[in-house]
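> File name work_30.pdb; file contents PDB, C-alpha atoms; full text below.
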ATOM      1  CA  MET G   1       0.000   0.000   0.000  1.00  0.00           C
ATOM      2  CA  LEU G   2       2.786   2.419   0.876  1.00  0.00           C
ATOM      3  CA  THR G   3       4.319   2.073  -2.589  1.00  0.00           C
ATOM      4  CA  PHE G   4       1.021   2.898  -4.301  1.00  0.00           C
ATOM      5  CA  VAL G   5       0.424   5.953  -2.101  1.00  0.00           C
ATOM      6  CA  LEU G   6       3.875   7.405  -2.752  1.00  0.00           C
ATOM      7  CA  ALA G   7       3.648   6.658  -6.471  1.00  0.00           C
ATOM      8  CA  ALA G   8       0.264   8.376  -6.698  1.00  0.00           C
ATOM      9  CA  GLY G   9       1.633  11.382  -4.822  1.00  0.00           C
ATOM     10  CA  SER G  10       4.598  11.924  -7.136  1.00  0.00           C
ATOM     11  CA  THR G  11       4.757  15.417  -8.643  1.00  0.00           C
ATOM     12  CA  ARG G  12       6.761  14.380 -11.731  1.00  0.00           C
ATOM     13  CA  HIS G  13       5.637  10.865 -12.661  1.00  0.00           C
ATOM     14  CA  PRO G  14       2.472   9.939 -10.741  1.00  0.00           C
ATOM     15  CA  ILE G  15       0.750   6.661 -11.458  1.00  0.00           C
ATOM     16  CA  ASP G  16      -2.791   6.588 -12.729  1.00  0.00           C
ATOM     17  CA  PRO G  17      -5.110   5.806  -9.774  1.00  0.00           C
ATOM     18  CA  GLY G  18      -6.658   3.086 -11.933  1.00  0.00           C
ATOM     19  CA  ILE G  19      -3.508   1.043 -11.525  1.00  0.00           C
ATOM     20  CA  HIS G  20      -4.425   0.638  -7.876  1.00  0.00           C
ATOM     21  CA  TYR G  21      -8.175   0.237  -8.243  1.00  0.00           C
ATOM     22  CA  GLY G  22      -8.462  -1.434 -11.619  1.00  0.00           C
ATOM     23  CA  ILE G  23      -9.379  -4.853 -10.226  1.00  0.00           C
ATOM     24  CA  VAL G  24     -11.496  -5.572  -7.161  1.00  0.00           C
ATOM     25  CA  LEU G  25      -9.774  -8.197  -4.990  1.00  0.00           C
ATOM     26  CA  PRO G  26     -11.057  -9.237  -1.537  1.00  0.00           C
ATOM     27  CA  LEU G  27      -8.679  -8.009   1.148  1.00  0.00           C
ATOM     28  CA  GLY G  28      -6.114 -10.334   2.597  1.00  0.00           C
ATOM     29  CA  MET G  29      -5.758 -14.072   2.598  1.00  0.00           C
ATOM     30  CA  ASP G  30      -7.160 -16.803   4.786  1.00  0.00           C
ATOM     31  CA  SER G  31      -6.330 -16.141   8.454  1.00  0.00           C
ATOM     32  CA  GLY G  32      -4.806 -12.788   7.553  1.00  0.00           C
ATOM     33  CA  GLY G  33      -1.405 -13.968   6.329  1.00  0.00           C
ATOM     34  CA  PRO G  34       1.948 -12.970   7.874  1.00  0.00           C
ATOM     35  CA  LEU G  35       1.725 -10.107  10.349  1.00  0.00           C
ATOM     36  CA  PHE G  36       4.049  -7.844   8.380  1.00  0.00           C
ATOM     37  CA  PHE G  37       1.055  -7.007   6.159  1.00  0.00           C
ATOM     38  CA  SER G  38      -0.299  -4.961   9.074  1.00  0.00           C
ATOM     39  CA  GLN G  39       3.057  -3.488  10.031  1.00  0.00           C
ATOM     40  CA  TYR G  40       5.546  -2.515   7.328  1.00  0.00           C
ATOM     41  CA  SER G  41       3.422  -0.032   5.370  1.00  0.00           C
ATOM     42  CA  PHE G  42       1.903   1.226   8.606  1.00  0.00           C
ATOM     43  CA  CYS G  43       5.154   2.243  10.251  1.00  0.00           C
ATOM     44  CA  GLY G  44       4.490   5.492   8.386  1.00  0.00           C
ATOM     45  CA  LEU G  45       0.925   5.327   7.113  1.00  0.00           C
ATOM     46  CA  ASP G  46      -1.407   6.007  10.027  1.00  0.00           C
ATOM     47  CA  PRO G  47      -4.154   3.347   9.930  1.00  0.00           C
ATOM     48  CA  ARG G  48      -6.318   5.190  12.466  1.00  0.00           C
ATOM     49  CA  GLY G  49      -9.275   6.435  10.480  1.00  0.00           C
ATOM     50  CA  LEU G  50      -7.696   5.313   7.213  1.00  0.00           C
ATOM     51  CA  SER G  51     -10.232   3.768   4.854  1.00  0.00           C
ATOM     52  CA  ASP G  52     -11.128   3.349   1.213  1.00  0.00           C
ATOM     53  CA  ARG G  53     -13.972   1.672  -0.642  1.00  0.00           C
ATOM     54  CA  TYR G  54     -12.709  -1.722   0.490  1.00  0.00           C
ATOM     55  CA  ALA G  55     -11.720  -1.507   4.136  1.00  0.00           C
ATOM     56  CA  ASP G  56     -11.245   0.368   7.363  1.00  0.00           C
ATOM     57  CA  TYR G  57      -7.529  -0.314   7.785  1.00  0.00           C
ATOM     58  CA  TRP G  58      -7.485   0.212  11.530  1.00  0.00           C
ATOM     59  CA  GLN G  59     -10.092  -2.508  11.965  1.00  0.00           C
ATOM     60  CA  GLN G  60      -8.396  -4.658   9.339  1.00  0.00           C
ATOM     61  CA  ASN G  61      -5.111  -4.519  11.248  1.00  0.00           C
ATOM     62  CA  LEU G  62      -6.692  -5.024  14.669  1.00  0.00           C
ATOM     63  CA  ARG G  63      -8.459  -8.165  13.494  1.00  0.00           C
ATOM     64  CA  HIS G  64      -5.445  -9.458  11.609  1.00  0.00           C
ATOM     65  CA  THR G  65      -3.380  -9.167  14.793  1.00  0.00           C
ATOM     66  CA  GLN G  66      -6.007 -10.867  16.954  1.00  0.00           C
ATOM     67  CA  ILE G  67      -6.288 -13.813  14.571  1.00  0.00           C
ATOM     68  CA  ASN G  68      -2.524 -14.309  14.726  1.00  0.00           C
ATOM     69  CA  TYR G  69      -2.421 -13.956  18.511  1.00  0.00           C
ATOM     70  CA  ARG G  70      -5.363 -16.258  19.212  1.00  0.00           C
ATOM     71  CA  HIS G  71      -4.021 -18.900  16.854  1.00  0.00           C
ATOM     72  CA  CYS G  72      -0.745 -19.008  18.794  1.00  0.00           C
ATOM     73  CA  VAL G  73      -2.579 -19.153  22.119  1.00  0.00           C
ATOM     74  CA  ARG G  74      -4.827 -21.967  20.899  1.00  0.00           C
ATOM     75  CA  ASN G  75      -1.778 -23.667  19.382  1.00  0.00           C
ATOM     76  CA  PRO G  76      -3.664 -26.301  17.359  1.00  0.00           C
ATOM     77  CA  HIS G  77      -0.427 -27.983  16.240  1.00  0.00           C
ATOM     78  CA  SER G  78       0.977 -28.235  19.790  1.00  0.00           C
ATOM     79  CA  HIS G  79       4.193 -26.384  18.996  1.00  0.00           C
ATOM     80  CA  LEU G  80       6.563 -26.075  21.940  1.00  0.00           C
ATOM     81  CA  GLY G  81       6.649 -22.664  23.594  1.00  0.00           C
ATOM     82  CA  TYR G  82       3.499 -21.138  22.070  1.00  0.00           C
ATOM     83  CA  GLY G  83       1.173 -19.202  24.359  1.00  0.00           C
ATOM     84  CA  PRO G  84       0.017 -15.737  25.478  1.00  0.00           C
ATOM     85  CA  ASP G  85       3.613 -14.770  26.268  1.00  0.00           C
ATOM     86  CA  CYS G  86       5.140 -16.277  23.109  1.00  0.00           C
ATOM     87  CA  TRP G  87       3.373 -15.537  19.850  1.00  0.00           C
ATOM     88  CA  GLY G  88       3.874 -13.900  16.464  1.00  0.00           C
ATOM     89  CA  LEU G  89       3.885 -15.425  12.984  1.00  0.00           C
ATOM     90  CA  THR G  90       5.336 -13.532  10.026  1.00  0.00           C
ATOM     91  CA  ALA G  91       8.081 -13.748   7.411  1.00  0.00           C
ATOM     92  CA  SER G  92      11.482 -14.754   8.801  1.00  0.00           C
ATOM     93  CA  HIS G  93      14.297 -17.217   8.663  1.00  0.00           C
ATOM     94  CA  GLY G  94      13.479 -20.752   9.758  1.00  0.00           C
ATOM     95  CA  PRO G  95      15.231 -24.085  10.355  1.00  0.00           C
ATOM     96  CA  ARG G  96      15.055 -24.807   6.620  1.00  0.00           C
ATOM     97  CA  GLY G  97      15.461 -21.309   5.216  1.00  0.00           C
ATOM     98  CA  TYR G  98      13.217 -18.308   4.642  1.00  0.00           C
ATOM     99  CA  ILE G  99       9.512 -18.851   5.326  1.00  0.00           C
ATOM    100  CA  ALA G 100       6.365 -16.735   5.506  1.00  0.00           C
ATOM    101  CA  SER G 101       4.586 -18.042   8.597  1.00  0.00           C
ATOM    102  CA  ALA G 102       0.887 -17.443   9.255  1.00  0.00           C
ATOM    103  CA  PRO G 103      -1.931 -19.260  11.052  1.00  0.00           C
ATOM    104  CA  ASP G 104      -2.601 -21.347   7.946  1.00  0.00           C
ATOM    105  CA  ARG G 105       1.151 -21.891   7.398  1.00  0.00           C
ATOM    106  CA  ASP G 106       2.374 -22.542  10.902  1.00  0.00           C
ATOM    107  CA  PHE G 107       5.786 -24.205  11.076  1.00  0.00           C
ATOM    108  CA  GLY G 108       6.395 -23.599  14.781  1.00  0.00           C
ATOM    109  CA  VAL G 109       8.613 -20.570  14.138  1.00  0.00           C
ATOM    110  CA  ILE G 110       8.057 -17.495  16.317  1.00  0.00           C
ATOM    111  CA  THR G 111       9.343 -14.107  15.146  1.00  0.00           C
ATOM    112  CA  PRO G 112       9.642 -11.595  18.017  1.00  0.00           C
ATOM    113  CA  SER G 113       9.080  -8.613  15.717  1.00  0.00           C
ATOM    114  CA  ALA G 114       5.641  -9.935  14.772  1.00  0.00           C
ATOM    115  CA  ALA G 115       4.358  -9.507  18.315  1.00  0.00           C
ATOM    116  CA  LEU G 116       6.461  -6.468  19.239  1.00  0.00           C
ATOM    117  CA  SER G 117       5.482  -4.494  16.134  1.00  0.00           C
ATOM    118  CA  SER G 118       1.846  -5.039  17.150  1.00  0.00           C
ATOM    119  CA  PHE G 119       1.885  -2.610  20.091  1.00  0.00           C
ATOM    120  CA  PRO G 120      -0.554  -0.142  18.452  1.00  0.00           C
ATOM    121  CA  TYR G 121      -3.053  -2.924  17.719  1.00  0.00           C
ATOM    122  CA  ALA G 122      -2.717  -5.182  20.772  1.00  0.00           C
ATOM    123  CA  PRO G 123      -0.722  -3.392  23.494  1.00  0.00           C
ATOM    124  CA  GLU G 124      -1.489  -5.806  26.330  1.00  0.00           C
ATOM    125  CA  GLU G 125      -0.758  -8.882  24.250  1.00  0.00           C
ATOM    126  CA  ALA G 126       2.424  -7.319  22.855  1.00  0.00           C
ATOM    127  CA  MET G 127       3.657  -6.339  26.313  1.00  0.00           C
ATOM    128  CA  ARG G 128       3.061  -9.848  27.603  1.00  0.00           C
ATOM    129  CA  ALA G 129       5.074 -11.227  24.683  1.00  0.00           C
ATOM    130  CA  LEU G 130       7.901  -8.761  25.352  1.00  0.00           C
ATOM    131  CA  ARG G 131       8.115  -9.841  28.971  1.00  0.00           C
ATOM    132  CA  GLY G 132       7.892 -13.478  27.944  1.00  0.00           C
ATOM    133  CA  PHE G 133      10.663 -13.150  25.368  1.00  0.00           C
ATOM    134  CA  LEU G 134      12.920 -11.578  27.988  1.00  0.00           C
ATOM    135  CA  THR G 135      12.619 -14.715  30.140  1.00  0.00           C
ATOM    136  CA  LYS G 136      14.108 -16.869  27.375  1.00  0.00           C
ATOM    137  CA  ALA G 137      17.770 -17.827  27.459  1.00  0.00           C
ATOM    138  CA  ARG G 138      19.666 -14.587  26.717  1.00  0.00           C
ATOM    139  CA  LYS G 139      22.228 -16.115  24.375  1.00  0.00           C
ATOM    140  CA  ARG G 140      19.512 -17.861  22.368  1.00  0.00           C
ATOM    141  CA  ILE G 141      16.910 -15.158  21.654  1.00  0.00           C
ATOM    142  CA  TRP G 142      18.310 -11.898  23.003  1.00  0.00           C
ATOM    143  CA  GLY G 143      21.758 -10.525  22.231  1.00  0.00           C
ATOM    144  CA  ARG G 144      23.919  -7.619  21.180  1.00  0.00           C
ATOM    145  CA  PHE G 145      21.447  -6.116  18.714  1.00  0.00           C
ATOM    146  CA  GLY G 146      18.217  -7.008  20.487  1.00  0.00           C
ATOM    147  CA  PHE G 147      16.024  -9.973  19.633  1.00  0.00           C
ATOM    148  CA  VAL G 148      17.162 -12.457  17.012  1.00  0.00           C
ATOM    149  CA  ASP G 149      15.127 -12.812  13.845  1.00  0.00           C
ATOM    150  CA  ALA G 150      13.209 -15.952  14.859  1.00  0.00           C
ATOM    151  CA  PHE G 151      13.291 -19.176  16.824  1.00  0.00           C
ATOM    152  CA  CYS G 152      11.649 -22.602  16.894  1.00  0.00           C
ATOM    153  CA  GLU G 153      11.686 -24.266  20.288  1.00  0.00           C
ATOM    154  CA  SER G 154      10.195 -27.503  18.943  1.00  0.00           C
ATOM    155  CA  ARG G 155      13.359 -27.994  16.845  1.00  0.00           C
ATOM    156  CA  ASN G 156      15.712 -26.311  19.331  1.00  0.00           C
ATOM    157  CA  TRP G 157      16.562 -23.832  16.557  1.00  0.00           C
ATOM    158  CA  TYR G 158      17.457 -20.205  17.165  1.00  0.00           C
ATOM    159  CA  SER G 159      18.418 -17.761  14.433  1.00  0.00           C
ATOM    160  CA  ARG G 160      21.871 -16.228  14.637  1.00  0.00           C
ATOM    161  CA  THR G 161      20.857 -13.177  12.628  1.00  0.00           C
ATOM    162  CA  TYR G 162      19.404  -9.780  13.503  1.00  0.00           C
ATOM    163  CA  LEU G 163      17.429  -8.328  10.595  1.00  0.00           C
ATOM    164  CA  ALA G 164      17.013  -4.572  10.283  1.00  0.00           C
ATOM    165  CA  ILE G 165      13.733  -5.045   8.406  1.00  0.00           C
ATOM    166  CA  ASN G 166      12.355  -6.592  11.592  1.00  0.00           C
ATOM    167  CA  GLN G 167      14.207  -4.493  14.184  1.00  0.00           C
ATOM    168  CA  GLY G 168      13.070  -1.236  12.579  1.00  0.00           C
ATOM    169  CA  PRO G 169       9.306  -1.845  12.797  1.00  0.00           C
ATOM    170  CA  ILE G 170       9.638  -2.800  16.480  1.00  0.00           C
ATOM    171  CA  ILE G 171      11.024   0.648  17.279  1.00  0.00           C
ATOM    172  CA  ALA G 172       8.700   2.511  14.921  1.00  0.00           C
ATOM    173  CA  MET G 173       5.521   0.819  16.104  1.00  0.00           C
ATOM    174  CA  ILE G 174       6.352   1.144  19.794  1.00  0.00           C
ATOM    175  CA  GLU G 175       6.803   4.891  19.262  1.00  0.00           C
ATOM    176  CA  ASN G 176       3.588   5.101  17.260  1.00  0.00           C
ATOM    177  CA  HIS G 177       1.794   3.377  20.134  1.00  0.00           C
ATOM    178  CA  ARG G 178       3.351   5.754  22.687  1.00  0.00           C
ATOM    179  CA  THR G 179       2.990   9.101  20.911  1.00  0.00           C
ATOM    180  CA  GLY G 180       1.972   8.656  17.276  1.00  0.00           C
ATOM    181  CA  LEU G 181       5.119  10.619  16.379  1.00  0.00           C
ATOM    182  CA  LEU G 182       6.147   8.780  13.212  1.00  0.00           C
ATOM    183  CA  TRP G 183       2.565   8.634  11.979  1.00  0.00           C
ATOM    184  CA  ARG G 184       2.185  12.399  12.384  1.00  0.00           C
ATOM    185  CA  LEU G 185       5.468  13.163  10.652  1.00  0.00           C
ATOM    186  CA  PHE G 186       4.894  10.843   7.714  1.00  0.00           C
ATOM    187  CA  MET G 187       1.251  11.746   7.197  1.00  0.00           C
ATOM    188  CA  GLY G 188       2.196  15.419   7.187  1.00  0.00           C
ATOM    189  CA  ALA G 189       4.267  15.006   4.022  1.00  0.00           C
ATOM    190  CA  PRO G 190       2.537  16.652   1.024  1.00  0.00           C
ATOM    191  CA  GLU G 191       3.400  13.713  -1.250  1.00  0.00           C
ATOM    192  CA  VAL G 192       1.639  11.318   1.102  1.00  0.00           C
ATOM    193  CA  ARG G 193      -1.453  13.507   1.438  1.00  0.00           C
ATOM    194  CA  ARG G 194      -1.610  13.970  -2.325  1.00  0.00           C
ATOM    195  CA  GLY G 195      -1.243  10.231  -2.938  1.00  0.00           C
ATOM    196  CA  LEU G 196      -3.981   9.336  -0.456  1.00  0.00           C
ATOM    197  CA  ALA G 197      -6.327  11.903  -1.962  1.00  0.00           C
ATOM    198  CA  ARG G 198      -5.702  10.723  -5.532  1.00  0.00           C
ATOM    199  CA  LEU G 199      -6.381   7.123  -4.491  1.00  0.00           C
ATOM    200  CA  SER G 200      -9.643   8.194  -2.797  1.00  0.00           C
ATOM    201  CA  PHE G 201      -8.599   7.288   0.731  1.00  0.00           C
ATOM    202  CA  THR G 202     -10.312   8.824   3.715  1.00  0.00           C
ATOM    203  CA  SER G 203      -7.996   9.889   6.522  1.00  0.00           C
ATOM    204  CA  GLN G 204      -8.163  12.244   9.454  1.00  0.00           C
ATOM    205  CA  HIS G 205      -4.859  13.677   8.203  1.00  0.00           C
ATOM    206  CA  LEU G 206      -6.588  14.922   5.065  1.00  0.00           C
ATOM    207  CA  ASP G 207      -9.003  17.003   7.146  1.00  0.00           C
ATOM    208  CA  THR G 208      -7.191  19.888   8.822  1.00  0.00           C
ATOM    209  CA  SER G 209     -10.141  20.500  11.109  1.00  0.00           C
ATOM    210  CA  THR G 210      -9.715  17.085  12.685  1.00  0.00           C
ATOM    211  CA  SER G 211      -7.088  16.320  15.303  1.00  0.00           C
ATOM    212  CA  ALA G 212      -4.322  13.998  14.134  1.00  0.00           C
ATOM    213  CA  GLN G 213      -4.312  12.198  17.448  1.00  0.00           C
ATOM    214  CA  GLY G 214      -7.241   9.836  16.787  1.00  0.00           C
ATOM    215  CA  PRO G 215      -8.075   6.695  18.793  1.00  0.00           C
ATOM    216  CA  ARG G 216      -5.433   5.099  20.985  1.00  0.00           C
ATOM    217  CA  ALA G 217      -3.069   8.062  20.585  1.00  0.00           C
ATOM    218  CA  ALA G 218      -0.925   8.609  23.653  1.00  0.00           C
ATOM    219  CA  VAL G 219      -0.779  11.914  25.498  1.00  0.00           C
ATOM    220  CA  GLY G 220       2.737  13.146  26.232  1.00  0.00           C
ATOM    221  CA  MET G 221       5.767  10.876  26.222  1.00  0.00           C
ATOM    222  CA  ALA G 222       4.711   8.015  28.461  1.00  0.00           C
ATOM    223  CA  PRO G 223       7.511   5.493  29.069  1.00  0.00           C
ATOM    224  CA  LEU G 224       7.099   1.883  27.977  1.00  0.00           C
ATOM    225  CA  ASP G 225       7.515  -0.168  31.157  1.00  0.00           C
ATOM    226  CA  CYS G 226       8.450  -3.768  30.367  1.00  0.00           C
ATOM    227  CA  THR G 227       9.557  -4.672  33.894  1.00  0.00           C
TER
END
Now that the file is in, can you turn its structure into structure tokens?


Amino acid sequence: MLTFVLAAGSTRHPIDPGIHYGIVLPLGMDSGGPLFFSQYSFCGLDPRGLSDRYADYWQQNLRHTQINYRHCVRNPHSHLGYGPDCWGLTASHGPRGYIASAPDRDFGVITPSAALSSFPYAPEEAMRALRGFLTKARKRIWGRFGFVDAFCESRNWYSRTYLAINQGPIIAMIENHRTGLLWRLFMGAPEVRRGLARLSFTSQHLDTSTSAQGPRAAVGMAPLDCT
């Protein structure tokens, strides 16, 4: 979505809006797909009050997150370690290479960024996961650059890599949950506003008479207490 918005907002070579809306396709895949669908584009795009003719993206992302969380809690495949304090299925490395995990493609691989980038959508569930991850063996899941990319306790496999594409959204989405800072900055860019308008999105950021805070916006700079 982010690519389409920026392309539509270009001053020199904008895309035709029909490229985005030429074909009606039902949103998402079965069980919502990997959680990055609700995270990567929305590190900058503010989903609060963002809608088009197909979806309310705040509700879309809330429900996507809950499906992923509840699947891990129910743990229908009895994977080791799954539960309210250990959840999150998305694209990551795995014991046999790169995989895109989701409730309907569950290989037992947990990606910390999936849960931790969900703070705006499920703050209590994300906080419980953060505290749970911190109880894991430090040298296995937590190290010099934060949380490793992924792990699979059923196979006793722990990634040795730290991926910026996963570390970045953790930081961005925690700050968006706390203050909405990155959302406000990004949505204030004229290219973004122009792209959203050309693609017929509705957003509180396109209405100057409406506060940019919206639902769930934090007041002030409240600390994130993970103790």

> Given the choices G:Glu124, G:Asp207, G:Asp16, G:Glu175, which gets closest to Pro84 (chain G) if the distance is worked out from only C-alpha atoms?

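Ranking G:Glu124, G:Asp207, G:Asp16, G:Glu175 by distance to Pro84 (chain G), first place goes to G:Glu124.
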
> Could you check how far CA of Leu6 (chain G) sits from CA of Asp46 (chain G), in Å to one decimal?

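So the answer is 13.9 Å.
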
> Quick one: residues within 12 Å of Val192 (chain G), all atoms listed in the file counted, chain neighbours fewer than 2 positions away excluded, as a PyMOL selection string?

chain G and resi 1-11+14+44-46+183-190+194-199+201+203+205-206

> Could you list the residues chosen by the PyMOL selection byres ((chain G and resi 173) around 9) in this structure as a PDB file with C-alpha atoms, in the coordinates of the input?


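Full text of part-v3.pdb as output:
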ATOM      1  CA  GLN G  39       3.057  -3.488  10.031  1.00  0.00           C
ATOM      2  CA  PHE G  42       1.903   1.226   8.606  1.00  0.00           C
ATOM      3  CA  CYS G  43       5.154   2.243  10.251  1.00  0.00           C
ATOM      4  CA  LEU G 116       6.461  -6.468  19.239  1.00  0.00           C
ATOM      5  CA  SER G 117       5.482  -4.494  16.134  1.00  0.00           C
ATOM      6  CA  SER G 118       1.846  -5.039  17.150  1.00  0.00           C
ATOM      7  CA  PHE G 119       1.885  -2.610  20.091  1.00  0.00           C
ATOM      8  CA  PRO G 120      -0.554  -0.142  18.452  1.00  0.00           C
ATOM      9  CA  GLY G 168      13.070  -1.236  12.579  1.00  0.00           C
ATOM     10  CA  PRO G 169       9.306  -1.845  12.797  1.00  0.00           C
ATOM     11  CA  ILE G 170       9.638  -2.800  16.480  1.00  0.00           C
ATOM     12  CA  ILE G 171      11.024   0.648  17.279  1.00  0.00           C
ATOM     13  CA  ALA G 172       8.700   2.511  14.921  1.00  0.00           C
ATOM     14  CA  ILE G 174       6.352   1.144  19.794  1.00  0.00           C
ATOM     15  CA  GLU G 175       6.803   4.891  19.262  1.00  0.00           C
ATOM     16  CA  ASN G 176       3.588   5.101  17.260  1.00  0.00           C
ATOM     17  CA  HIS G 177       1.794   3.377  20.134  1.00  0.00           C
ATOM     18  CA  ARG G 178       3.351   5.754  22.687  1.00  0.00           C
ATOM     19  CA  GLY G 180       1.972   8.656  17.276  1.00  0.00           C
ATOM     20  CA  LEU G 182       6.147   8.780  13.212  1.00  0.00           C
TER      21      LEU G 182
END

> For the structure provided, state which residues fall under the PyMOL selection byres ((chain G and resi 50-55) around 8), and present them as a list in words.

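So the PyMOL selection byres ((chain G and resi 50-55) around 8), applied here, picks out Pro26, Leu27, Asp46, Pro47, Arg48, Gly49, Asp56, Tyr57, Trp58, Gln60, Ser200, Phe201, Thr202, Ser203 and Gln204 of chain G.
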
> Apply the PyMOL selection byres ((chain G and resi 125) around 10) to the file shown and report the selected residues as a ChimeraX atom specification.

/G:65-66,69,84-87,115-116,118-119,121-124,126-130

> Work out how far apart CA of Ser92 (chain G) and CA of Tyr158 (chain G) are and give it in Å to one decimal.

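Taking CA of Ser92 (chain G) and CA of Tyr158 (chain G), their separation equals 11.6 Å.
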
> What is the distance, in Å and to one decimal place, between CA of Gly88 (chain G) and CA of Phe36 (chain G)?

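For CA of Gly88 (chain G) relative to CA of Phe36 (chain G), the distance reads 10.1 Å.
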
> Identify which of the residues G:Leu163, G:Pro112, G:Glu153, G:Ser101 lies closest to Leu134 (chain G), counting only C-alpha atoms when measuring atom-to-atom distances.

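Among the listed residues, G:Pro112 lies closest to Leu134 (chain G).
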
> Could the centre and edge lengths of an axis-aligned box, enclosing all atoms of region 132-140 of chain G in the file with 5 Å extra on each side, be given in Å to one decimal as AutoDock Vina command-line options?


--center_x 15.1 --center_y -14.7 --center_z 26.3 --size_x 24.3 --size_y 16.3 --size_z 17.8
